[in-house]
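A short worksheet on the structure shown next.
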Amino acid sequence: MSSSEAVPVPSAETVSALEVSCLEGGAKPDQFPEIESTCIRVMRLLNEIVVRAQLPFQLRVFGSFSNGFKTGTSDLDVCLVGDMHIPPTVVLAQIAQEAPAARFLSVTKVFKAKVPLLKVTHETGIEVDLCVNNRLG
């Protein structure tokens, strides 16, 4: 995508769902406010990548951010839920290609694992592990 092309903007409903996904079930809202606001920003960036790549998937947070065990050093575990016919490695490879433009500084593909993963680190220091259609986390 060239810099002159418009970046798709997530709907208000999607943004609200991303915020709830980051905050629900987690620590008390004021316990880690910087991490929570950064989580929301990173989730928005990931959603923009998904929209821009025209991937038929929604982002779902799981792990410590959603079960109440997050700490100041927790990573963000995200599952892309959607079309079961698209191989996970294809989806993750598309996200890996777009990630540097969204200021993800480190991109590591772990595609030979039983559950393929994409590990990315945003410039804010938030580490994100992405998987596809792994509904059990």
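Ligands are numbered from 1 in the order shown, chains are lettered A, B, ... in the order of the structure tokens, and residues start at 1 in each chain.
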
**Message:** Applying 6 Å and only C-alpha atoms, which residues near Asp77 of chain A remain after dropping the ones on its own chain fewer than 2 positions away? List them as JSON, numbers by chain.
**Reply:** {"A": [61, 62, 63, 128, 129]}

Since we have the selection now, will you write its residues out, keeping all heavy atoms, as a PDB file, in the first residue's frame?
ATOM      1  N   VAL A  61      -8.889 -11.225  22.130  1.00  0.00           N
ATOM      2  CA  VAL A  61      -7.817 -11.296  23.128  1.00  0.00           C
ATOM      3  C   VAL A  61      -8.079 -12.494  24.031  1.00  0.00           C
ATOM      4  O   VAL A  61      -9.209 -12.758  24.421  1.00  0.00           O
ATOM      5  CB  VAL A  61      -7.769  -9.995  23.960  1.00  0.00           C
ATOM      6  CG1 VAL A  61      -6.744 -10.095  25.081  1.00  0.00           C
ATOM      7  CG2 VAL A  61      -7.462  -8.815  23.060  1.00  0.00           C
ATOM      8  N   PHE A  62      -7.012 -13.222  24.361  1.00  0.00           N
ATOM      9  CA  PHE A  62      -7.128 -14.317  25.325  1.00  0.00           C
ATOM     10  C   PHE A  62      -5.886 -14.267  26.208  1.00  0.00           C
ATOM     11  O   PHE A  62      -5.073 -13.361  26.096  1.00  0.00           O
ATOM     12  CB  PHE A  62      -7.311 -15.676  24.619  1.00  0.00           C
ATOM     13  CG  PHE A  62      -6.120 -16.147  23.839  1.00  0.00           C
ATOM     14  CD1 PHE A  62      -5.229 -17.061  24.378  1.00  0.00           C
ATOM     15  CD2 PHE A  62      -5.886 -15.687  22.540  1.00  0.00           C
ATOM     16  CE1 PHE A  62      -4.130 -17.506  23.655  1.00  0.00           C
ATOM     17  CE2 PHE A  62      -4.798 -16.126  21.809  1.00  0.00           C
ATOM     18  CZ  PHE A  62      -3.911 -17.034  22.364  1.00  0.00           C
ATOM     19  N   GLY A  63      -5.761 -15.197  27.110  1.00  0.00           N
ATOM     20  CA  GLY A  63      -4.594 -15.213  27.998  1.00  0.00           C
ATOM     21  C   GLY A  63      -4.737 -14.227  29.140  1.00  0.00           C
ATOM     22  O   GLY A  63      -5.843 -13.863  29.538  1.00  0.00           O
ATOM     23  N   VAL A 128       3.235  -9.075  21.261  1.00  0.00           N
ATOM     24  CA  VAL A 128       1.962  -9.670  20.860  1.00  0.00           C
ATOM     25  C   VAL A 128       2.230 -11.025  20.229  1.00  0.00           C
ATOM     26  O   VAL A 128       3.112 -11.163  19.376  1.00  0.00           O
ATOM     27  CB  VAL A 128       1.225  -8.768  19.837  1.00  0.00           C
ATOM     28  CG1 VAL A 128      -0.132  -9.366  19.489  1.00  0.00           C
ATOM     29  CG2 VAL A 128       1.076  -7.350  20.348  1.00  0.00           C
ATOM     30  N   ASP A 129       1.474 -12.033  20.661  1.00  0.00           N
ATOM     31  CA  ASP A 129       1.494 -13.350  20.030  1.00  0.00           C
ATOM     32  C   ASP A 129       0.168 -13.521  19.311  1.00  0.00           C
ATOM     33  O   ASP A 129      -0.891 -13.427  19.934  1.00  0.00           O
ATOM     34  CB  ASP A 129       1.645 -14.474  21.065  1.00  0.00           C
ATOM     35  CG  ASP A 129       3.024 -14.489  21.723  1.00  0.00           C
ATOM     36  OD1 ASP A 129       3.948 -13.831  21.189  1.00  0.00           O
ATOM     37  OD2 ASP A 129       3.161 -15.143  22.754  1.00  0.00           O
TER      38      ASP A 129
END

**Request:** Within 9 Å of Leu46 of chain A, counting only C-alpha atoms, which residues show up once you throw out same-chain ones fewer than 3 positions away? Write them as a list in words, please.
**Result:** Arg41, Val42, Met43, Ile49, Val50, Val51, Leu59, Ile95, Ala99 and Ala102 of chain A

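Among the candidate residues A:Leu45, A:Ile126, A:Leu105, A:Leu118, the one lying nearest to Cys79 of chain A is A:Leu118, with distances computed using only C-alpha atoms.
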